[in-house]
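S.K.: Sending over coords.cif (mmCIF, C-alpha atoms).
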data_upload
#
loop_
_atom_site.label_atom_id
_atom_site.label_comp_id
_atom_site.auth_asym_id
_atom_site.auth_seq_id
_atom_site.Cartn_x
_atom_site.Cartn_y
_atom_site.Cartn_z
CA MET P 1353 18.37 31.99 -21.84
CA PRO P 1354 21.76 32.87 -23.32
CA GLU P 1355 22.93 36.45 -23.14
CA SER P 1356 22.27 38.44 -26.27
CA ARG P 1357 25.51 39.04 -28.12
CA GLY P 1358 24.32 39.88 -31.61
CA SER P 1359 21.30 41.04 -33.54
CA GLU P 1360 21.24 38.47 -36.35
CA SER P 1361 20.68 34.72 -36.43
CA LYS P 1362 19.70 33.64 -39.98
CA VAL P 1363 22.23 32.40 -42.50
CA VAL P 1364 21.96 30.86 -45.98
CA VAL P 1365 22.87 27.16 -46.11
CA ASN P 1366 24.45 25.59 -49.17
CA LEU P 1367 25.19 21.88 -49.57
CA SER P 1368 28.51 20.39 -50.63
CA ASN P 1369 28.85 17.17 -52.60
CA ARG P 1370 32.15 15.30 -52.50
CA HIS P 1371 34.80 17.48 -54.19
CA ILE P 1372 38.54 18.06 -54.37
CA HIS P 1373 40.98 20.96 -54.17
CA VAL P 1374 44.29 20.34 -55.94
CA SER P 1375 47.83 21.64 -55.63
CA ARG P 1376 49.76 22.98 -58.60
CA GLU P 1377 52.04 19.96 -58.49
CA ASP P 1378 49.16 17.45 -58.49
CA LEU P 1379 47.35 19.37 -61.24
CA ASP P 1380 50.47 18.97 -63.42
CA ALA P 1381 50.51 15.22 -62.74
CA LEU P 1382 46.78 14.71 -63.26
CA PHE P 1383 46.11 16.97 -66.28
CA GLY P 1384 49.56 17.66 -67.75
CA ALA P 1385 52.27 20.19 -67.00
CA GLY P 1386 51.01 23.77 -66.85
CA HIS P 1387 47.32 22.85 -67.14
CA GLN P 1388 45.03 25.71 -66.16
CA LEU P 1389 41.71 25.01 -64.40
CA THR P 1390 38.59 25.87 -66.42
CA LYS P 1391 36.09 27.86 -64.35
CA THR P 1392 32.44 26.92 -64.98
CA LYS P 1393 30.76 28.69 -62.07
CA ASP P 1394 31.67 31.16 -59.35
CA LEU P 1395 30.87 29.95 -55.84
CA LYS P 1396 29.48 32.18 -53.09
CA GLN P 1397 32.85 32.37 -51.33
CA PRO P 1398 34.81 35.14 -53.15
CA GLY P 1399 37.50 33.78 -55.49
CA GLN P 1400 36.28 30.16 -55.23
CA PHE P 1401 34.87 28.45 -58.32
CA ALA P 1402 33.66 25.12 -59.71
CA CYS P 1403 35.78 23.72 -62.55
CA ASP P 1404 35.03 21.72 -65.66
CA GLU P 1405 37.73 19.25 -64.58
CA THR P 1406 36.90 16.11 -62.61
CA VAL P 1407 39.01 13.23 -61.29
CA THR P 1408 38.51 9.71 -59.97
CA ILE P 1409 39.15 9.13 -56.26
CA LYS P 1410 40.21 5.61 -55.33
CA GLY P 1411 40.33 4.02 -51.89
CA PRO P 1412 41.26 0.51 -50.69
CA LYS P 1413 37.83 -0.91 -51.61
CA GLY P 1414 36.29 1.26 -54.31
CA MET P 1415 36.27 4.53 -56.21
CA PHE P 1416 34.19 7.53 -57.14
CA GLU P 1417 34.40 8.88 -60.67
CA ALA P 1418 33.67 12.45 -61.75
CA VAL P 1419 34.69 14.11 -58.49
CA ARG P 1420 34.55 17.84 -59.21
CA ILE P 1421 37.64 20.03 -58.78
CA LEU P 1422 37.00 23.34 -57.01
CA GLY P 1423 39.45 26.13 -57.79
CA PRO P 1424 41.68 27.95 -57.40
CA GLU P 1425 44.73 25.74 -56.82
CA ARG P 1426 45.53 25.16 -53.14
CA LYS P 1427 48.81 24.75 -51.32
CA GLU P 1428 47.86 21.14 -50.44
CA THR P 1429 45.54 18.71 -52.24
CA GLN P 1430 42.44 17.96 -50.15
CA CYS P 1431 39.46 15.76 -51.03
CA GLU P 1432 36.26 16.23 -49.03
CA ILE P 1433 33.95 13.20 -49.06
CA LEU P 1434 30.58 12.41 -47.49
CA ALA P 1435 30.22 10.11 -44.50
CA SER P 1436 28.15 7.87 -46.79
CA ASP P 1437 31.18 7.51 -49.14
CA VAL P 1438 33.37 5.94 -46.46
CA PHE P 1439 32.08 2.37 -46.91
CA LYS P 1440 32.40 2.30 -50.71
CA LEU P 1441 35.95 3.73 -50.61
CA GLY P 1442 36.92 1.48 -47.72
CA VAL P 1443 38.16 4.20 -45.38
CA PRO P 1444 36.17 3.60 -42.18
CA GLY P 1445 38.52 5.73 -40.10
CA CYS P 1446 38.25 8.84 -42.26
CA PRO P 1447 38.21 11.78 -39.82
CA THR P 1448 35.92 14.81 -39.77
CA ARG P 1449 38.15 17.84 -40.21
CA GLU P 1450 38.15 21.52 -40.91
CA SER P 1451 39.47 22.45 -44.32
CA GLY P 1452 43.26 22.51 -44.35
CA GLN P 1453 43.70 20.42 -41.18
CA LEU P 1454 45.10 17.34 -42.88
CA GLU P 1455 47.35 15.87 -40.17
CA GLY P 1456 46.04 12.34 -39.53
CA SER P 1457 43.70 12.40 -42.54
CA MET P 1458 43.44 9.41 -44.88
CA GLY P 1459 45.41 8.62 -48.01
CA MET P 1460 43.91 8.06 -51.47
CA GLU P 1461 44.76 7.63 -55.12
CA ILE P 1462 43.67 10.37 -57.52
CA ILE P 1463 43.32 9.53 -61.21
CA GLY P 1464 43.20 12.19 -63.94
CA PRO P 1465 43.34 12.07 -67.73
CA ALA P 1466 47.13 12.59 -67.86
CA GLY P 1467 48.19 10.51 -64.86
CA SER P 1468 47.56 9.56 -61.28
CA VAL P 1469 48.98 10.46 -57.88
CA LYS P 1470 49.02 8.56 -54.60
CA LYS P 1471 48.60 10.76 -51.55
CA ASP P 1472 49.34 9.63 -48.00
CA LYS P 1473 46.93 12.24 -46.62
CA GLY P 1474 44.28 14.72 -47.75
CA LEU P 1475 41.05 12.70 -47.56
CA ILE P 1476 38.60 14.10 -44.99
CA ILE P 1477 34.91 14.38 -44.15
CA ALA P 1478 34.33 18.12 -44.04
CA LYS P 1479 33.30 19.55 -40.70
CA ARG P 1480 30.11 21.62 -40.79
CA HIS P 1481 31.03 25.28 -40.82
CA ILE P 1482 29.79 28.81 -41.30
CA HIS P 1483 31.82 31.45 -43.13
CA PHE P 1484 31.55 34.93 -41.64
CA ASP P 1485 33.07 38.19 -42.82
CA PRO P 1486 34.16 40.20 -39.74
CA ALA P 1487 31.12 42.52 -39.88
CA ALA P 1488 28.75 39.54 -39.99
CA ALA P 1489 30.59 37.92 -37.08
CA LEU P 1490 29.94 41.08 -35.05
CA ARG P 1491 26.24 41.06 -35.97
CA PHE P 1492 25.95 37.39 -34.96
CA GLY P 1493 28.16 37.83 -31.91
CA VAL P 1494 30.48 34.95 -32.76
CA ALA P 1495 34.25 34.55 -32.75
CA ASP P 1496 36.54 32.66 -35.10
CA LYS P 1497 36.65 28.93 -34.20
CA GLU P 1498 33.57 29.20 -31.95
CA LEU P 1499 31.22 26.22 -32.11
CA VAL P 1500 27.52 26.94 -32.63
CA SER P 1501 24.47 24.93 -33.66
CA ILE P 1502 22.23 25.51 -36.67
CA ARG P 1503 18.56 24.63 -37.06
CA VAL P 1504 17.48 23.80 -40.62
CA GLY P 1505 14.60 22.09 -42.36
CA GLY P 1506 10.84 22.12 -42.09
CA GLU P 1507 8.89 18.94 -41.44
CA ARG P 1508 12.18 17.01 -41.11
CA SER P 1509 14.06 19.72 -39.19
CA ALA P 1510 17.15 19.16 -37.07
CA VAL P 1511 19.62 21.14 -35.03
CA PHE P 1512 23.14 20.30 -36.18
CA GLU P 1513 25.62 20.82 -33.35
CA ASN P 1514 29.36 21.54 -33.40
CA VAL P 1515 29.25 23.85 -36.41
CA VAL P 1516 32.53 25.76 -36.50
CA CYS P 1517 32.48 29.52 -37.14
CA ARG P 1518 35.21 30.67 -39.50
CA VAL P 1519 35.77 34.43 -39.60
CA HIS P 1520 37.92 36.03 -42.29
CA ALA P 1521 37.92 39.24 -44.31
CA THR P 1522 37.75 37.26 -47.56
CA TYR P 1523 34.64 35.25 -46.57
CA ALA P 1524 30.97 35.75 -47.46
CA LEU P 1525 28.26 34.83 -44.95
CA GLU P 1526 27.31 31.21 -45.74
CA CYS P 1527 26.86 27.89 -43.94
CA HIS P 1528 28.23 24.74 -45.58
CA LEU P 1529 26.57 21.43 -44.82
CA ASP P 1530 27.05 18.33 -46.99
CA PHE P 1531 24.61 16.22 -49.03
CA ASP P 1532 24.17 13.67 -46.20
CA GLU P 1533 23.16 16.44 -43.82
CA GLY P 1534 20.91 18.10 -46.41
CA ASN P 1535 19.16 14.79 -47.17
CA ALA P 1536 18.67 14.08 -43.47
CA VAL P 1537 16.60 17.23 -43.14
CA GLY P 1538 15.14 17.39 -46.65
CA ILE P 1539 16.60 20.72 -47.76
CA GLY P 1540 18.20 22.00 -50.94
CA ASN P 1541 20.70 24.77 -51.62
CA GLY P 1542 19.75 28.24 -50.45
CA THR P 1543 17.67 27.22 -47.45
CA MET P 1544 17.92 29.58 -44.48
CA GLY P 1545 19.15 28.22 -41.16
CA GLU P 1546 18.98 29.66 -37.65
CA VAL P 1547 22.25 29.90 -35.71
CA LEU P 1548 21.93 28.83 -32.07
CA ARG P 1549 24.34 29.25 -29.18
CA GLN P 1550 25.65 26.02 -27.66
CA THR P 1551 27.48 25.18 -24.47
CA LYS P 1552 31.25 24.94 -24.52
CA ASP P 1553 31.38 21.15 -24.46
CA GLY P 1554 29.54 21.13 -27.77
CA THR P 1555 27.05 18.50 -26.71
CA ALA P 1556 24.07 20.52 -25.61
CA ASN P 1557 22.29 23.71 -26.53
CA GLU P 1558 21.91 26.15 -23.69
CA GLY P 1559 18.60 25.79 -21.99
CA GLN P 1560 17.74 22.57 -23.81
CA ALA P 1561 16.69 19.85 -21.42
CA ALA P 1562 16.42 16.10 -21.58
CA LEU P 1563 13.01 14.54 -21.34
CA LYS P 1564 13.46 13.27 -17.82
CA MET U 611 13.10 23.83 -17.93
CA PRO U 612 10.30 21.47 -18.93
CA GLU U 613 8.35 19.77 -16.20
CA SER U 614 9.56 16.30 -15.36
CA ARG U 615 7.13 13.70 -16.67
CA GLY U 616 9.24 10.58 -16.77
CA SER U 617 12.40 9.07 -15.38
CA GLU U 618 14.04 7.78 -18.54
CA SER U 619 15.46 9.52 -21.61
CA LYS U 620 17.87 7.16 -23.43
CA VAL U 621 16.77 4.93 -26.30
CA VAL U 622 18.61 2.67 -28.74
CA VAL U 623 18.69 3.98 -32.31
CA ASN U 624 18.72 1.66 -35.31
CA LEU U 625 19.06 2.78 -38.92
CA SER U 626 16.77 1.77 -41.78
CA ASN U 627 17.91 1.40 -45.37
CA ARG U 628 15.33 1.55 -48.15
CA HIS U 629 13.02 -1.46 -47.82
CA ILE U 630 9.57 -2.73 -48.72
CA HIS U 631 6.61 -4.39 -47.02
CA VAL U 632 4.39 -6.40 -49.39
CA SER U 633 0.77 -7.52 -49.43
CA ARG U 634 -0.25 -11.14 -50.02
CA GLU U 635 -1.64 -10.21 -53.42
CA ASP U 636 1.56 -8.46 -54.54
CA LEU U 637 3.72 -11.28 -53.18
CA ASP U 638 1.78 -13.68 -55.42
CA ALA U 639 2.38 -11.44 -58.44
CA LEU U 640 6.06 -10.81 -57.71
CA PHE U 641 7.23 -14.27 -56.56
CA GLY U 642 4.47 -16.64 -57.75
CA ALA U 643 1.13 -17.75 -56.27
CA GLY U 644 1.38 -18.90 -52.67
CA HIS U 645 5.04 -17.90 -52.23
CA GLN U 646 6.08 -17.81 -48.57
CA LEU U 647 8.62 -15.23 -47.37
CA THR U 648 11.97 -16.63 -46.19
CA LYS U 649 13.04 -15.17 -42.83
CA THR U 650 16.79 -14.47 -42.54
CA LYS U 651 16.84 -12.34 -39.39
CA ASP U 652 14.47 -11.28 -36.64
CA LEU U 653 14.24 -7.53 -36.17
CA LYS U 654 14.01 -5.83 -32.80
CA GLN U 655 10.28 -5.16 -33.22
CA PRO U 656 8.52 -8.39 -32.17
CA GLY U 657 7.23 -10.43 -35.14
CA GLN U 658 9.08 -8.33 -37.72
CA PHE U 659 11.86 -9.92 -39.78
CA ALA U 660 14.22 -9.37 -42.71
CA CYS U 661 13.65 -11.70 -45.69
CA ASP U 662 15.90 -13.33 -48.21
CA GLU U 663 13.65 -11.92 -50.96
CA THR U 664 14.43 -8.63 -52.69
CA VAL U 665 12.73 -6.69 -55.49
CA THR U 666 13.54 -3.87 -57.90
CA ILE U 667 11.77 -0.54 -57.34
CA LYS U 668 11.32 1.59 -60.45
CA GLY U 669 10.34 5.25 -60.66
CA PRO U 670 9.90 7.61 -63.62
CA LYS U 671 13.66 8.24 -63.93
CA GLY U 672 15.50 5.27 -62.44
CA MET U 673 15.43 2.21 -60.27
CA PHE U 674 16.94 0.52 -57.23
CA GLU U 675 17.69 -3.19 -57.37
CA ALA U 676 17.90 -5.54 -54.39
CA VAL U 677 15.44 -3.66 -52.18
CA ARG U 678 14.95 -5.92 -49.15
CA ILE U 679 11.49 -7.22 -48.22
CA LEU U 680 10.66 -7.00 -44.51
CA GLY U 681 8.07 -9.47 -43.25
CA PRO U 682 5.48 -10.44 -42.35
CA GLU U 683 3.03 -9.66 -45.17
CA ARG U 684 1.13 -6.40 -44.70
CA LYS U 685 -2.38 -5.37 -45.63
CA GLU U 686 -0.99 -2.81 -48.09
CA THR U 687 2.31 -2.76 -49.96
CA GLN U 688 4.55 0.07 -48.76
CA CYS U 689 8.08 0.97 -49.88
CA GLU U 690 10.15 3.23 -47.63
CA ILE U 691 12.96 5.07 -49.42
CA LEU U 692 15.63 7.53 -48.35
CA ALA U 693 15.43 11.23 -49.16
CA SER U 694 18.63 10.72 -51.14
CA ASP U 695 16.83 8.16 -53.37
CA VAL U 696 14.26 10.67 -54.60
CA PHE U 697 16.41 12.15 -57.37
CA LYS U 698 17.49 8.83 -58.89
CA LEU U 699 13.91 7.47 -58.89
CA GLY U 700 12.53 10.76 -60.20
CA VAL U 701 9.94 11.29 -57.46
CA PRO U 702 10.74 14.79 -56.14
CA GLY U 703 7.37 15.11 -54.43
CA CYS U 704 7.67 11.92 -52.38
CA PRO U 705 6.13 12.74 -48.98
CA THR U 706 7.49 11.96 -45.50
CA ARG U 707 4.91 9.73 -43.83
CA GLU U 708 4.32 7.48 -40.90
CA SER U 709 4.11 3.81 -41.77
CA GLY U 710 0.67 2.92 -43.12
CA GLN U 711 -0.35 6.49 -43.97
CA LEU U 712 -0.28 6.08 -47.73
CA GLU U 713 -2.93 8.56 -48.89
CA GLY U 714 -1.16 10.98 -51.24
CA SER U 715 2.01 8.86 -51.38
CA MET U 716 3.79 8.22 -54.70
CA GLY U 717 3.30 5.40 -57.20
CA MET U 718 6.03 3.01 -58.31
CA GLU U 719 6.66 -0.16 -60.27
CA ILE U 720 7.85 -3.21 -58.33
CA ILE U 721 9.69 -5.96 -60.23
CA GLY U 722 10.13 -9.48 -58.83
CA PRO U 723 11.39 -12.76 -60.31
CA ALA U 724 7.88 -13.93 -61.28
CA GLY U 725 6.31 -10.67 -62.41
CA SER U 726 5.87 -6.99 -61.77
CA VAL U 727 3.16 -4.77 -60.32
CA LYS U 728 2.39 -1.08 -60.83
CA LYS U 729 1.19 0.67 -57.69
CA ASP U 730 -0.49 4.08 -57.72
CA LYS U 731 0.57 4.66 -54.11
CA GLY U 732 2.80 3.18 -51.40
CA LEU U 733 6.12 4.98 -51.91
CA ILE U 734 7.10 7.14 -48.91
CA ILE U 735 10.07 8.59 -47.04
CA ALA U 736 9.68 7.13 -43.56
CA LYS U 737 9.08 9.65 -40.79
CA ARG U 738 11.51 9.36 -37.88
CA HIS U 739 9.83 7.51 -35.04
CA ILE U 740 10.31 5.84 -31.70
CA HIS U 741 8.52 2.61 -30.80
CA PHE U 742 7.41 2.41 -27.15
CA ASP U 743 5.69 -0.39 -25.30
CA PRO U 744 3.15 1.13 -22.88
CA ALA U 745 5.41 0.69 -19.84
CA ALA U 746 8.29 2.44 -21.59
CA ALA U 747 5.96 5.27 -22.65
CA LEU U 748 5.11 5.77 -18.97
CA ARG U 749 8.79 5.82 -17.97
CA PHE U 750 9.54 8.39 -20.69
CA GLY U 751 6.35 10.34 -20.03
CA VAL U 752 5.24 10.35 -23.67
CA ALA U 753 1.91 9.69 -25.36
CA ASP U 754 1.12 7.95 -28.65
CA LYS U 755 1.56 10.37 -31.62
CA GLU U 756 3.48 12.90 -29.48
CA LEU U 757 6.36 14.61 -31.25
CA VAL U 758 9.71 14.69 -29.48
CA SER U 759 13.32 15.39 -30.48
CA ILE U 760 16.28 13.04 -30.22
CA ARG U 761 19.95 13.93 -29.82
CA VAL U 762 22.39 11.45 -31.38
CA GLY U 763 26.01 11.37 -32.43
CA GLY U 764 29.31 12.45 -30.97
CA GLU U 765 31.58 14.89 -32.80
CA ARG U 766 28.91 15.28 -35.51
CA SER U 767 25.92 15.30 -33.18
CA ALA U 768 22.50 16.66 -34.04
CA VAL U 769 19.07 16.99 -32.49
CA PHE U 770 16.49 15.55 -34.89
CA GLU U 771 13.12 17.19 -34.35
CA ASN U 772 9.58 15.99 -35.10
CA VAL U 773 10.21 12.39 -34.10
CA VAL U 774 6.82 10.72 -33.66
CA CYS U 775 6.23 8.52 -30.61
CA ARG U 776 4.32 5.32 -31.42
CA VAL U 777 3.00 3.46 -28.41
CA HIS U 778 1.63 -0.08 -28.74
CA ALA U 779 1.60 -3.27 -26.68
CA THR U 780 3.39 -5.16 -29.48
CA TYR U 781 6.30 -2.71 -29.74
CA ALA U 782 9.81 -2.84 -28.28
CA LEU U 783 11.60 0.34 -27.23
CA GLU U 784 13.60 1.48 -30.28
CA CYS U 785 14.13 4.62 -32.37
CA HIS U 786 14.21 4.28 -36.16
CA LEU U 787 16.21 6.79 -38.15
CA ASP U 788 17.27 6.17 -41.76
CA PHE U 789 20.69 5.90 -43.43
CA ASP U 790 20.66 9.57 -44.49
CA GLU U 791 20.10 10.64 -40.92
CA GLY U 792 22.67 8.18 -39.58
CA ASN U 793 25.29 9.37 -42.07
CA ALA U 794 24.58 13.01 -41.22
CA VAL U 795 25.61 12.39 -37.62
CA GLY U 796 28.15 9.60 -38.21
CA ILE U 797 26.45 6.83 -36.22
CA GLY U 798 25.82 3.14 -36.80
CA ASN U 799 23.16 0.76 -35.53
CA GLY U 800 22.80 0.45 -31.78
CA THR U 801 23.85 3.97 -30.86
CA MET U 802 22.02 5.45 -27.86
CA GLY U 803 20.04 8.66 -28.34
CA GLU U 804 18.61 11.09 -25.82
CA VAL U 805 14.92 11.92 -26.09
CA LEU U 806 14.14 15.62 -25.64
CA ARG U 807 10.85 17.39 -25.13
CA GLN U 808 9.86 19.83 -27.88
CA THR U 809 7.26 22.55 -28.13
CA LYS U 810 3.92 21.77 -29.72
CA ASP U 811 4.65 23.47 -33.04
CA GLY U 812 7.48 21.02 -33.56
CA THR U 813 9.96 23.68 -34.58
CA ALA U 814 11.83 24.39 -31.38
CA ASN U 815 13.01 22.61 -28.30
CA GLU U 816 11.79 24.05 -25.03
CA GLY U 817 14.25 26.50 -23.59
CA GLN U 818 16.42 26.52 -26.69
CA ALA U 819 17.16 30.03 -27.79
CA ALA U 820 18.28 31.60 -31.02
CA LEU U 821 21.65 33.29 -31.12
CA LYS U 822 20.27 36.79 -31.17
#
Step by step, read the file and then write its structure as structure tokens.

M.R.:
Amino acid sequence: MPESRGSESKVVVNLSNRHIHVSREDLDALFGAGHQLTKTKDLKQPGQFACDETVTIKGPKGMFEAVRILGPERKETQCEILASDVFKLGVPGCPTRESGQLEGSMGMEIIGPAGSVKKDKGLIIAKRHIHFDPAAALRFGVADKELVSIRVGGERSAVFENVVCRVHATYALECHLDFDEGNAVGIGNGTMGEVLRQTKDGTANEGQAALK
Amino acid sequence: MPESRGSESKVVVNLSNRHIHVSREDLDALFGAGHQLTKTKDLKQPGQFACDETVTIKGPKGMFEAVRILGPERKETQCEILASDVFKLGVPGCPTRESGQLEGSMGMEIIGPAGSVKKDKGLIIAKRHIHFDPAAALRFGVADKELVSIRVGGERSAVFENVVCRVHATYALECHLDFDEGNAVGIGNGTMGEVLRQTKDGTANEGQAALK
């Protein structure tokens, strides 16, 4: 049994569809100089919001229309797709990355109503993660960048491994999985998940044993 | 640590897309009286094969075209969809079921080149399962209908719980997950998975502990 390091283990899970964060420069190119994003809904993470604006994302083989922009503007444009999108776009090598870690990510074309931009990086599959404010991190006994597992789902439950903990004063306690992961376990937004300790190599939960 | 009951724990995992098994009667209605299925590929399970024939599956809200028929003919028509198909078809209550357990499953319309049929049951989300021949079941130490877990995937690994063991003399050793589950962990056909013992309530792996 792992040593007790915190008193809390349950976290709300919300599911991400493919979406994009855009830089000021790309927003100018896609929607016209000086265009301001139109907030339609606040997200759980403070200061983050869904926008009325959408774009088309184009890869070597295909495209997705109506990809939602999430605001506010970011320093670098970053599009987060689902693993199931990789075939249609034609980007089989698209890496799984934490937000903002775009070195070695894939290129794409982004098409907006006022123009298009070709990016040589910025396309990633988002890595599963949990946002913690520092007080929540203490209660859970986790550190920034630590990998944990999370159990979610009922009849079709699973333990997702290699979930990265991200601790920051501006965060609200929330786990982000994507639609593929949500469908695999049959859950919707707002489901509670149970955070589990995992070994350092990220391949096995402590105490969990193979059948043999 | 669970007691050792077998000497083997690795199994090949193959991924199912949405597909349909059809009865003789429905095959007559959909493709014409006496139509014989055209085998294009043997599947790993002995006697099972993919067919050239496809149909359209229609629900209250939408449809999927080109749904592959898997042969041979079955006693009852059964269409296995993905959890991610439920919204487009408009069947939010579609249950997760083992093959052949169609009581309380959803209705659907099936459209073929020679006609269509309306079924009041037969639409299910397939329950994760592992096929064992009796000798393999002995090596793994599992019984028919036993629930186990399976760990699959690398960087995006997960432990899928409530995987039903199905033991029969006509089966070949193989785990069936679906495309949603495969995408959630970033695997393709032929990946090896590790079978893990789970507790009887099906919600936790033996020895696995919550974070707190």

S.K.: Please list as a PyMOL selection string every residue within 8 Å of region 1460-1471 of chain P, counting all atoms listed in the file and excluding residues in the same chain fewer than 3 positions away.

M.R.: chain P and resi 1378+1381-1384+1406-1411+1474-1475

S.K.: Go ahead and compute the interatomic distance for CA of Pro1412 (chain P) and CA of Leu1434 (chain P), in Å to one decimal.

M.R.: 16.3 Å

S.K.: If you count all atoms listed in the file, which residues fall within 7 Å of Asn793 (chain U), apart from same-chain ones fewer than 4 positions away, as a ChimeraX atom specification?

M.R.: /P:1435-1436,1532 /U:789,797

S.K.: What separation in Å, quoted to one decimal, exists between CA of Pro1398 (chain P) and CA of Val1519 (chain P)?

M.R.: 13.6 Å

S.K.: For this file, the PyMOL selection byres ((chain U and resi 749) around 8) selects which residues, as a list in words?

M.R.: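 Against this file, the PyMOL selection byres ((chain U and resi 749) around 8) returns the residues Gly616, Ser617, Glu618, Ala745, Ala746, Ala747, Leu748, Phe750 and Gly751 of chain U.
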
S.K.: List as a PDB file with C-alpha atoms, keeping the file's coordinate frame the protein and nucleic acid residues near region 798-805 of chain U, meaning an atom at most 8 Å away when all atoms listed in the file are counted, but skip any in the same chain fewer than 2 places from it.

M.R.:
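Full text of result_8.pdb as output:
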ATOM      1  CA  ALA P1562      16.420  16.100 -21.580  1.00  0.00           C
ATOM      2  CA  LEU P1563      13.010  14.540 -21.340  1.00  0.00           C
TER       3      LEU P1563
ATOM      4  CA  SER U 619      15.460   9.520 -21.610  1.00  0.00           C
ATOM      5  CA  LYS U 620      17.870   7.160 -23.430  1.00  0.00           C
ATOM      6  CA  VAL U 621      16.770   4.930 -26.300  1.00  0.00           C
ATOM      7  CA  VAL U 622      18.610   2.670 -28.740  1.00  0.00           C
ATOM      8  CA  VAL U 623      18.690   3.980 -32.310  1.00  0.00           C
ATOM      9  CA  ASN U 624      18.720   1.660 -35.310  1.00  0.00           C
ATOM     10  CA  LEU U 625      19.060   2.780 -38.920  1.00  0.00           C
ATOM     11  CA  VAL U 758       9.710  14.690 -29.480  1.00  0.00           C
ATOM     12  CA  SER U 759      13.320  15.390 -30.480  1.00  0.00           C
ATOM     13  CA  ILE U 760      16.280  13.040 -30.220  1.00  0.00           C
ATOM     14  CA  ARG U 761      19.950  13.930 -29.820  1.00  0.00           C
ATOM     15  CA  VAL U 762      22.390  11.450 -31.380  1.00  0.00           C
ATOM     16  CA  GLY U 763      26.010  11.370 -32.430  1.00  0.00           C
ATOM     17  CA  GLY U 792      22.670   8.180 -39.580  1.00  0.00           C
ATOM     18  CA  GLY U 796      28.150   9.600 -38.210  1.00  0.00           C
ATOM     19  CA  ARG U 807      10.850  17.390 -25.130  1.00  0.00           C
TER      20      ARG U 807
END

S.K.: Since the input is missing atoms for region 745-755 of chain U, could you rebuild it with N, CA, C and O atoms and give the result as a short mmCIF file (atom, residue, chain, number, x, y, z; two decimals), keeping the file's coordinate frame?

M.R.:
data_model
loop_
_atom_site.label_atom_id
_atom_site.label_comp_id
_atom_site.auth_asym_id
_atom_site.auth_seq_id
_atom_site.Cartn_x
_atom_site.Cartn_y
_atom_site.Cartn_z
N ALA U 745 4.64 0.45 -21.07
CA ALA U 745 5.41 0.69 -19.84
C ALA U 745 6.55 1.67 -20.11
O ALA U 745 6.83 2.57 -19.30
N ALA U 746 7.21 1.52 -21.24
CA ALA U 746 8.29 2.44 -21.59
C ALA U 746 7.74 3.85 -21.81
O ALA U 746 8.35 4.84 -21.40
N ALA U 747 6.57 3.95 -22.43
CA ALA U 747 5.96 5.27 -22.65
C ALA U 747 5.71 5.97 -21.31
O ALA U 747 5.94 7.18 -21.19
N LEU U 748 5.30 5.20 -20.31
CA LEU U 748 5.11 5.77 -18.97
C LEU U 748 6.44 6.25 -18.39
O LEU U 748 6.53 7.35 -17.84
N ARG U 749 7.48 5.44 -18.51
CA ARG U 749 8.79 5.82 -17.97
C ARG U 749 9.33 7.08 -18.65
O ARG U 749 9.98 7.90 -18.02
N PHE U 750 9.07 7.21 -19.96
CA PHE U 750 9.54 8.39 -20.69
C PHE U 750 8.56 9.56 -20.56
O PHE U 750 8.90 10.69 -20.92
N GLY U 751 7.34 9.27 -20.13
CA GLY U 751 6.35 10.34 -20.03
C GLY U 751 5.88 10.85 -21.38
O GLY U 751 5.69 12.05 -21.57
N VAL U 752 5.70 9.94 -22.34
CA VAL U 752 5.24 10.35 -23.67
C VAL U 752 3.93 9.64 -24.01
O VAL U 752 3.64 8.56 -23.49
N ALA U 753 3.18 10.25 -24.92
CA ALA U 753 1.91 9.69 -25.36
C ALA U 753 2.03 9.28 -26.83
O ALA U 753 2.87 9.79 -27.57
N ASP U 754 1.17 8.36 -27.25
CA ASP U 754 1.12 7.95 -28.65
C ASP U 754 0.90 9.18 -29.53
O ASP U 754 0.09 10.04 -29.21
N LYS U 755 1.64 9.28 -30.62
CA LYS U 755 1.56 10.37 -31.62
C LYS U 755 2.27 11.66 -31.16
O LYS U 755 2.34 12.61 -31.94
#
